[in-house]
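Undergrad: Structure provided below as structure tokens; questions to follow.
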2 protein chains.
Amino acid sequence: MTMHYTQALHRATQLFPHKAAVKCGDRSFTFREFGDRVARLAGALQAQGLQDGDSVAILSLNSDRFLEYTMAVPWAGGVLNPCNIRWSGPEIVYSLNDAESKFLLVDDTFLPLAQKIRADARTVKTWIYCGDKAAPPDMLDYETLVKQARPVPDAMRQGDDLMGVFYTGGTTGFPKGVMVSHAGVGAGALGLLGERAAAPDGVYLHSAPMFHGADLTVGGAHWLLGNTQAIIPAFNPEAVVDAIERHRVTHGVLVPTMIQMLVDHPVMKQGRDLSSLQMVIYGGSPISEAVLDRAMAALPGVQFLQAYGMTELFPLATCLPPEYHTPEGRKLGKLRSAGRASCITEVRVVDPEGIEVPRGTVGEIIVHGPNVMKGYWRKPEQTAEAVRDGWMHTGDGAYMDEDGFIFVVDRIKDMIVTGGENVYSAEVEQAVAQHPAVAASAVIGIPSEQWGESVHACVVLRPGQAATEEELVAHCKNLIANYKCPRSISFVEALPLSGAGKVLKTKLREPYWQGQSRRVG
Amino acid sequence: MTMHYTQALHRATQLFPHKAAVKCGDRSFTFREFGDRVARLAGALQAQGLQDGDSVAILSLNSDRFLEYTMAVPWAGGVLNPCNIRWSGPEIVYSLNDAESKFLLVDDTFLPLAQKIRADARTVKTWIYCGDKAAPPDMLDYETLVKQARPVPDAMRQGDDLMGVFYTGGTTGFPKGVMVSHAGVGAGALGLLGERAAAPDGVYLHSAPMFHGADLTVGGAHWLLGNTQAIIPAFNPEAVVDAIERHRVTHGVLVPTMIQMLVDHPVMKQGRDLSSLQMVIYGGSPISEAVLDRAMAALPGVQFLQAYGMTELFPLATCLPPEYHTPEGRKLGKLRSAGRASCITEVRVVDPEGIEVPRGTVGEIIVHGPNVMKGYWRKPEQTAEAVRDGWMHTGDGAYMDEDGFIFVVDRIKDMIVTGGENVYSAEVEQAVAQHPAVAASAVIGIPSEQWGESVHACVVLRPGQAATEEELVAHCKNLIANYKCPRSISFVEALPLSGAGKVLKTKLREPYWQGQSRRVG
């Protein structure tokens with residue numbers, strides 16, 4: 001007797017058959033139509049050979065068909081495996097092969113990439129084109145499948161059954177497949193509902209990428225209420241404004257950068273009607289006071305809710321509720337925090353031995369709750385390391401203040417211990433970045449006989465600009481404590497980036513640590 | 001990785017150590033104090049021999065110690081078994097023996113009853129007095145135990161682990177123990193939170209009996225938010241008003257009769273400050289428009305939320321949200337309904353073969369969701385009959401309207417099929433009750449060669465009043481269709497009642513059906 005992700009679709013189809021389930025561009029389907037399409041797509045997948053537990057991948061921008069995929073695959077008995085659309089071909093191939101995905105749905109945007117990886121994606125037997133043009137001859141056409149298939153009954157996968165494998169971790173070398181269960185996703189969605197990330201009669205805008213757990217779970221909270229879901233292919237300020245106005249959107253998920261791009265965009269000066277918007281849920285990082293000011297001025301009456309988490313927590317660890325974002329609430333000084341344990345989670349900050357550290361002391365964030373992943377797909381060792389006694393070890397370094405608010409400072413593995421002091425690379429990078437000649441920087445710990453580790457900065461200069469090591473160190477000394485300043489600097493052409501655009505510090509550290517092992521955490 | 005009921009206590013102790021967890025009369029404990037007391041009580045239970053999975057009973061009015069019991073028993077690794085305080089001694093003995101409860105906590109009110117059943121409650125080895133006076137010599141003293149015990153770590157029972165056995169079903173002969181899991185209770189509490197039965201910074205009043213699943217689960221929703229819980233020993237209008245005013249109560253659970261008693265009581269005319277109250281959650285039956293009018297006048301700005309369910313659904317099936325209670329919302333005509341499937345449940349109305357009936361047709365309500373019980377304690381046959389394919393068969397007869405709202409008409413087994421027509425005993429009883437000479441009535445189906453069943457009324461007349469069979473039948477014909485009117489009437493001194501005060505129709509039917517079996521459902 002546990003949650004199954006399709007439950008909300010059954011309920012909405014029963015209670016609101018004639019209400020719009022989804023609106024995407026000019027397409028719109030009622031819950032009855034949507035439910036019928038889902039049962040047919042599930043039928044098509046089964047007719048194409050899908051067996052219980054088979055993995056079905058999608059490589060696509062956001063669309064109503066992506067939403068149908070999220071329901072039809074469990075309905076058919078399958079397992080979701082949405083590709084990270086920011087990854088390179090080889091990374092996607094790795095994730096498809098690792099998950100042994102038997103089906104791949106591809107939209108217009110990713111058709112060229114799909115053709116390129118076709119030979120390498122060995123496990124994919126059925127290629128389905130879910131774009132808006134004519135299907136290529138070597139792929140099945142999504143709409144034809146839906147039209148011709150017979151609807152099948154819901155396979156009722158539920159509870160601890162695997163609902164999806166979501167790949168993550170491009171920064172640590174090999175991507176890992178995060179296994180999430182139906183019960184886990186259900187708990188995440190209910191937790192977000194408990195945190196009021198959805199309201200009755202709401203309209204949810206899928207503006208963040210749908211392959212990501214954050215969107216799936218906030219969307220899940222709206223599913224539970226039978227709300228309409230509006231979809232834009234990908235974030236851009238004009239599309240967001242158009243969708244809000246056209247579909248009377250009430251809730252959306254954005255990261256702070258998107259919020260900044262939105263509120264600073266000329267489209268916001270056009271007197272468009274955004275009065276339906278009630279709440280922006282953001283994550284990825286805290287929001288700066290300046291951006292929040294502009295956002296609250298541009299979107300009067302809109303509430304802001306921060307959620308911090310990760311795919312392994314699908315996705316919820318802590319929440320910073322709207323009342324800490326108001327001018328009055330900001331005086332409490334929590335805006336730079338990630339908030340407090342959500343209604344479904346427990347959160348602790350611990351030392352490397354797993355002992356809780358005093359408030360104000362930096363340690364690793366660990367999280368317990370019904371939304372903790374089942375584990376990493378076929379990686380029992382990494383799973384055992386990440387999830388101990390039911391506690392997910394996030395790898396994020398943070399401190400908890402007296403009121404239980406979490407302030408994230410760095411990835412644990414990127415923290416530098418020098419002469420017994422902790423230095424957070426993020427803080428040093430912020431100081432380096434303020435020098436006008438610096439385009440980008442990454443701060444790492446390198447071996448030091450005297451200090452254990454010493455602070456080292458890898459710096460990319462702006463084109464045509466110059467700065468010496470001495471200049472940059474002096475610049476830093478004006479901003480941060482002496483022991484935090486780089487002891488050495490190397491100037492590089494570019495920083496090595498993962499497919500998701502994160503700096504690969506492992507790669508930067510490699511030449512310095514050859515033959516030595518670095519303590520982590 | 002699933003919910004454990006104690007999770008909310010861990011979180012609240014961490015985040016709100018100095019906030020009041022509970023207020024009961026003059027006693028008040030912060031979350032830190034409450035958490036400490038729970039860990040000590042758990043330690044005491046273990047020191048007294050509690051093993052993992054042992055059942056611990058309580059026979060008590062509402063109190064802060066009752067609340068501690070609900071946390072300390074799972075914390076110690078035990079299973080809750082709160083006695084139905086409305087039951088007779090033999091019924092309580094039956095439930096204690098059946099659950100094999102090894103511990104019994106007893107307050108002042110139930111001390112005499114406890115002494116009386118002591119010899120028969122064979123499995124109870126440890127008797128704990130949780131009243132406010134001196135403990136009797138043959139019982140351990142609750143406060144002494146808490147004071148002297150060492151706090152123990154949380155046993156972390158969770159997920160599918162048994163959290164409690166709640167006895168129900170006094171009207172059908174033998175009481176049955178409803179087994180609920182930690183995951184089930186967690187889902188129920190999250191579902192109620194999703195339906196907004198709790199709000200941040202709220203204060204929940206335990207005014208309904210705490211042995212009941214409804215109170216435990218609504219309280220659970222407030223636990224998830226770290227809200228303060230105020231407690232009165234039992235419902236009475238003055239105590240409710242005192243508690244609201246003194247503790248700034250925001251949410252409470254009442255049944256419509258209690259709401260009526262409250263709003264019609266002179267205490268409401270005393271100009272007391274009830275402005276903190278935000279929501280009344282009610283259940284058991286719909287609320288009459290007249291009582292709702294008076295309640296909304298007496299409690300301006302308060303929202304009303306109906307929840308329909310049963311112990312086996314711990315406790316949620318459907319909800320009627322506040323917007324259907326306002327004068328404007330009532331025009332939608334749903335106030336007499338039990339609302340619609342909650343955010344965690346699916347609801348269907350089916351015929352005896354389990355096939356969904358058309359909207360507007362009466363059938364049995366069945367419910368699916370993560371809150372469906374694990375089953376009846378040691379009653380695999382009754383469990384298999386009640387829960388089929390994960391669907392709880394409620395035994396309640398109802399129809400669903402075009403908008404998915406459920407209108408409960410009768411218990412299925414009390415419905416009468418006469419000449420192919422369904423007659424709902426409740427409707428006939430309402431008609432009979434309108435005759436001025438009638439004190440009480442119960443309508444049953446009795447065998448009829450011509451009609452299959454015919455409608456029979458058992459009537460208790462008011463003292464000193466008289467009415468003939470012909471008069472009463474004629475009275476009914478003015479109110480309801482001919483085929484629904486009683487064909488025969490027997491006048492009785494009193495109706496047989498269960499411990500919970502429900503009419504035992506089984507007993508009334510018995511003499512008529514000897515040697516024949518009656519179709520049910």
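Identifiers for the structure tokens are assigned positionally: chains receive A, B, ... in sequence, residues are indexed from 1 per chain, and ligands are indexed from 1 in the order shown.
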For the contact check between chain B and chain A, emit one row per residue of chain B within 7 Å, containing the shortest atom pair and the distance in Å rounded to one decimal, counting only C-alpha atoms, chain then rising number order, as CSV.

TA:
```
residue,atom,partner,partner_atom,distance
B:Met1,CA,A:Pro370,CA,4.8
B:Thr2,CA,A:Pro370,CA,3.8
B:Met3,CA,A:Pro370,CA,5.3
B:Arg11,CA,A:Glu346,CA,5.7
B:Gln14,CA,A:Gly404,CA,6.8
B:Leu15,CA,A:Gly404,CA,5.0
B:Leu190,CA,A:Leu190,CA,6.3
B:Leu193,CA,A:Gly194,CA,5.5
B:Gly194,CA,A:Gly194,CA,5.4
B:Leu224,CA,A:Cys343,CA,5.2
B:Leu225,CA,A:Cys343,CA,6.0
B:Cys343,CA,A:Leu224,CA,5.2
B:Glu346,CA,A:Arg11,CA,5.7
B:Gly369,CA,A:Met1,CA,6.2
B:Pro370,CA,A:Thr2,CA,3.8
B:Asn371,CA,A:Met1,CA,6.9
B:Val372,CA,A:Met1,CA,6.0
B:Gly390,CA,A:Met1,CA,6.0
B:Asp403,CA,A:Leu15,CA,6.0
B:Gly404,CA,A:Leu15,CA,5.0
```

Undergrad: Restricting it to N, CA and C atoms, dump the selection as a short mmCIF file (atom, residue, chain, number, x, y, z; two decimals), in the first residue's frame.

TA:
```cif
data_model
loop_
_atom_site.label_atom_id
_atom_site.label_comp_id
_atom_site.auth_asym_id
_atom_site.auth_seq_id
_atom_site.Cartn_x
_atom_site.Cartn_y
_atom_site.Cartn_z
N MET B 1 14.41 3.46 3.49
CA MET B 1 14.31 4.93 3.47
C MET B 1 12.85 5.34 3.49
N THR B 2 12.22 5.23 4.63
CA THR B 2 10.81 5.66 4.66
C THR B 2 10.54 6.42 5.94
N MET B 3 9.33 6.93 6.04
CA MET B 3 8.96 7.72 7.20
C MET B 3 9.04 6.89 8.48
N ARG B 11 13.30 16.34 14.33
CA ARG B 11 13.44 17.60 13.61
C ARG B 11 13.03 18.79 14.49
N GLN B 14 15.52 19.58 17.11
CA GLN B 14 16.70 20.24 16.55
C GLN B 14 16.43 21.70 16.20
N LEU B 15 15.28 21.96 15.59
CA LEU B 15 15.02 23.30 15.05
C LEU B 15 14.39 24.25 16.06
N LEU B 190 1.06 13.38 5.89
CA LEU B 190 1.47 14.22 4.75
C LEU B 190 0.27 14.57 3.88
N LEU B 193 -1.55 17.26 5.55
CA LEU B 193 -0.78 18.49 5.37
C LEU B 193 -1.01 19.04 3.95
N GLY B 194 -1.01 18.13 2.97
CA GLY B 194 -1.29 18.54 1.59
C GLY B 194 -2.67 19.14 1.44
N LEU B 224 4.73 17.38 11.74
CA LEU B 224 5.64 17.57 10.60
C LEU B 224 6.09 19.01 10.46
N LEU B 225 5.27 19.94 10.95
CA LEU B 225 5.63 21.35 10.87
C LEU B 225 6.27 21.86 12.16
N CYS B 343 -5.55 14.18 -1.74
CA CYS B 343 -4.37 14.21 -2.61
C CYS B 343 -3.57 12.91 -2.55
N GLU B 346 -7.11 7.37 -4.14
CA GLU B 346 -8.05 7.20 -5.25
C GLU B 346 -9.30 6.60 -4.66
N GLY B 369 -4.57 3.82 -1.68
CA GLY B 369 -3.60 4.85 -1.34
C GLY B 369 -2.58 4.33 -0.35
N PRO B 370 -1.54 5.11 -0.09
CA PRO B 370 -0.45 4.67 0.79
C PRO B 370 -0.90 4.56 2.25
N ASN B 371 -2.08 5.08 2.56
CA ASN B 371 -2.58 5.08 3.92
C ASN B 371 -3.50 3.90 4.22
N VAL B 372 -3.73 3.04 3.24
CA VAL B 372 -4.55 1.85 3.51
C VAL B 372 -3.83 0.97 4.54
N GLY B 390 -5.16 -4.06 -3.07
CA GLY B 390 -4.75 -2.77 -2.52
C GLY B 390 -5.89 -1.80 -2.29
N ASP B 403 -19.04 15.55 -10.62
CA ASP B 403 -17.79 16.26 -10.31
C ASP B 403 -16.86 15.45 -9.41
N GLY B 404 -17.24 14.19 -9.15
CA GLY B 404 -16.36 13.33 -8.36
C GLY B 404 -16.57 13.43 -6.85
#
```

Undergrad: I need the residues of stretch 97-229 of chain A that end up classed as strand (DSSP E or B) by DSSP on the backbone, written out as a list in words.

TA: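 Written out, the strand (DSSP E or B) residues of stretch 97-229 of chain A are Phe103, Leu104, Leu105, Val106, Thr126, Trp127, Ile128, Tyr129, Leu140, Asp141, Leu162, Met163, Gly164, Val165, Phe166, Tyr167, Thr168, Lys176, Gly177, Val178, Met179, Val180, Ser181, Val203, Tyr204, Leu205, His206, Thr228 and Gln229 of chain A.
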
Undergrad: Print the selection's residues with N, CA and C atoms to a file, as a compact mmCIF listing (two decimals), in the first residue's frame.

TA:
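Just written: selection-v3.txt:
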```
# COMPACT_ATOMS: atom_id res chain seq x y z
N PHE A 103 14.82 1.67 -24.97
CA PHE A 103 14.08 2.61 -25.83
C PHE A 103 14.71 3.98 -25.66
N LEU A 104 14.68 4.75 -26.75
CA LEU A 104 15.09 6.15 -26.64
C LEU A 104 14.12 7.02 -27.43
N LEU A 105 13.55 8.00 -26.74
CA LEU A 105 12.71 9.00 -27.40
C LEU A 105 13.57 10.23 -27.68
N VAL A 106 13.45 10.77 -28.88
CA VAL A 106 14.31 11.89 -29.29
C VAL A 106 13.47 12.98 -29.95
N THR A 126 14.84 0.30 -29.69
CA THR A 126 13.71 1.01 -30.30
C THR A 126 13.92 2.50 -30.21
N TRP A 127 14.00 3.15 -31.34
CA TRP A 127 14.23 4.59 -31.41
C TRP A 127 12.91 5.25 -31.79
N ILE A 128 12.48 6.18 -30.97
CA ILE A 128 11.18 6.83 -31.20
C ILE A 128 11.40 8.33 -31.37
N TYR A 129 10.88 8.84 -32.46
CA TYR A 129 11.01 10.26 -32.74
C TYR A 129 9.80 11.00 -32.17
N LEU A 140 10.64 5.13 -35.11
CA LEU A 140 9.18 5.08 -35.01
C LEU A 140 8.67 6.48 -34.71
N ASP A 141 7.47 6.77 -35.17
CA ASP A 141 6.90 8.09 -34.93
C ASP A 141 5.98 8.06 -33.70
N LEU A 162 11.44 0.38 -8.58
CA LEU A 162 12.26 1.41 -9.22
C LEU A 162 11.40 2.25 -10.16
N MET A 163 11.44 3.55 -9.95
CA MET A 163 10.69 4.44 -10.85
C MET A 163 11.59 5.03 -11.92
N GLY A 164 12.83 5.32 -11.54
CA GLY A 164 13.70 5.91 -12.53
C GLY A 164 15.16 5.82 -12.14
N VAL A 165 16.03 5.96 -13.15
CA VAL A 165 17.47 6.07 -12.92
C VAL A 165 17.89 7.41 -13.51
N PHE A 166 18.36 8.30 -12.64
CA PHE A 166 18.70 9.66 -13.05
C PHE A 166 20.21 9.83 -12.90
N TYR A 167 20.89 10.14 -13.99
CA TYR A 167 22.35 10.22 -13.95
C TYR A 167 22.83 11.56 -13.46
N THR A 168 23.88 11.51 -12.66
CA THR A 168 24.41 12.70 -12.03
C THR A 168 25.90 12.53 -11.84
N LYS A 176 26.95 8.66 -12.22
CA LYS A 176 26.31 7.59 -11.44
C LYS A 176 24.80 7.68 -11.65
N GLY A 177 24.17 6.50 -11.76
CA GLY A 177 22.72 6.47 -11.93
C GLY A 177 22.05 6.44 -10.56
N VAL A 178 21.31 7.49 -10.26
CA VAL A 178 20.60 7.56 -8.97
C VAL A 178 19.27 6.82 -9.13
N MET A 179 19.09 5.77 -8.32
CA MET A 179 17.86 4.98 -8.39
C MET A 179 16.82 5.57 -7.45
N VAL A 180 15.67 5.94 -8.00
CA VAL A 180 14.60 6.47 -7.15
C VAL A 180 13.38 5.55 -7.26
N SER A 181 12.72 5.38 -6.14
CA SER A 181 11.55 4.51 -6.08
C SER A 181 10.27 5.34 -6.20
N VAL A 203 -1.43 26.50 -11.68
CA VAL A 203 -0.91 26.13 -13.00
C VAL A 203 0.61 26.16 -12.88
N TYR A 204 1.23 24.99 -13.08
CA TYR A 204 2.67 24.87 -12.90
C TYR A 204 3.39 25.01 -14.23
N LEU A 205 4.41 25.84 -14.26
CA LEU A 205 5.19 26.02 -15.48
C LEU A 205 6.48 25.21 -15.41
N HIS A 206 6.63 24.28 -16.36
CA HIS A 206 7.90 23.56 -16.50
C HIS A 206 8.86 24.46 -17.27
N THR A 228 -3.12 22.07 -13.64
CA THR A 228 -2.69 22.13 -15.03
C THR A 228 -1.18 22.36 -15.10
N GLN A 229 -0.51 21.75 -16.10
CA GLN A 229 0.92 21.95 -16.26
C GLN A 229 1.19 22.60 -17.61
```

Undergrad: As a PyMOL selection string, please: the residues near B:Arg411 (cut-off 7 Å, only C-alpha atoms, same-chain neighbours under 3 positions excluded).

TA: chain B and resi 395-397+414-415

Undergrad: Could you work out how far atom CA of B:Gly301 lies from atom CA of B:Ile259, giving the answer in Å with one decimal?

TA: 15.4 Å

Undergrad: Kindly indicate which residue among B:Arg86, B:Arg487, B:Arg388, B:His435 lies nearest to B:Ala457, using only C-alpha atoms for the distances.

TA: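 Among the listed residues, B:Arg487 lies closest to B:Ala457.
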
Undergrad: Please determine, counting only C-alpha atoms, which residue among B:Phe66, B:Phe174, B:Trp377, B:Phe304 has the shortest atom-to-atom distance to B:Pro322.

TA: B:Phe304

Undergrad: Would you give me, as an MDAnalysis selection string, the residues in stretch 323-512 of chain A that DSSP reads as alpha helix (DSSP H)?

TA: chainID A and resid 327:330 380:386 425:433 469:477 505:512

Undergrad: With only C-alpha atoms as the basis for distance, which of B:Ala42, B:Val241, B:Leu497, B:Ala384 is at the shortest distance from B:Trp87?

TA: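 Nearest to B:Trp87: B:Leu497.
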
Undergrad: Give me the residues within 8 Å of B:Ser95 as number ranges by chain, counting only C-alpha atoms and dropping any in the same chain fewer than 3 places off.

TA: B: 83, 91-92, 98-99, 167, 175, 177

Undergrad: Output C-alpha atoms of each residue in that selection to a file, as a CSV table (one decimal), in the first residue's frame.

TA:
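Now in part.csv:
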```csv
chain,number,residue,atom,x,y,z
B,83,CYS,CA,-7.8,1.6,24.1
B,91,GLU,CA,-14.5,-5.0,25.0
B,92,ILE,CA,-11.3,-3.4,26.3
B,98,ASP,CA,-6.1,-9.9,21.3
B,99,ALA,CA,-3.2,-7.5,20.8
B,167,TYR,CA,-9.4,-1.6,17.5
B,175,PRO,CA,-13.6,-5.8,17.4
B,177,GLY,CA,-7.3,-4.6,15.3
```

Undergrad: If we count only C-alpha atoms, what is near A:Ala431 at a cut-off of 10 Å, once residues fewer than 3 positions away on the same chain are taken out, given as a compact mmCIF listing (two decimals) with C-alpha atoms, in the first residue's frame?

TA:
```txt
# COMPACT_ATOMS: atom_id res chain seq x y z
CA SER A 425 37.46 27.28 -2.14
CA ALA A 426 34.22 29.07 -3.00
CA GLU A 427 35.09 31.96 -0.71
CA VAL A 428 38.59 32.33 -2.14
CA GLN A 434 36.70 40.49 -7.93
CA HIS A 435 40.01 41.40 -9.57
CA SER A 441 39.29 30.92 -11.31
CA LEU A 472 46.39 38.84 -7.21
CA VAL A 473 47.57 37.66 -3.79
CA HIS A 475 44.25 41.84 -3.97
CA CYS A 476 42.96 38.86 -2.01
CA LYS A 477 44.62 40.00 1.21
CA ASN A 478 42.42 43.10 1.07
CA LEU A 479 39.32 40.91 1.02
CA ILE A 480 39.89 37.77 3.08
CA LYS A 484 42.77 31.90 3.09
CA CYS A 485 44.73 33.71 0.38
```

Undergrad: Mind checking which residues fall within 10 Å of B:Pro358, counting only C-alpha atoms, ignoring those fewer than 6 positions away in the same chain, and posting them as a ChimeraX atom specification?

TA: /B:349-351,399-402

Undergrad: Between atom CA of B:Tyr324 and atom CA of B:Gly213, what is the distance, to one decimal in Å?

TA: 24.9 Å
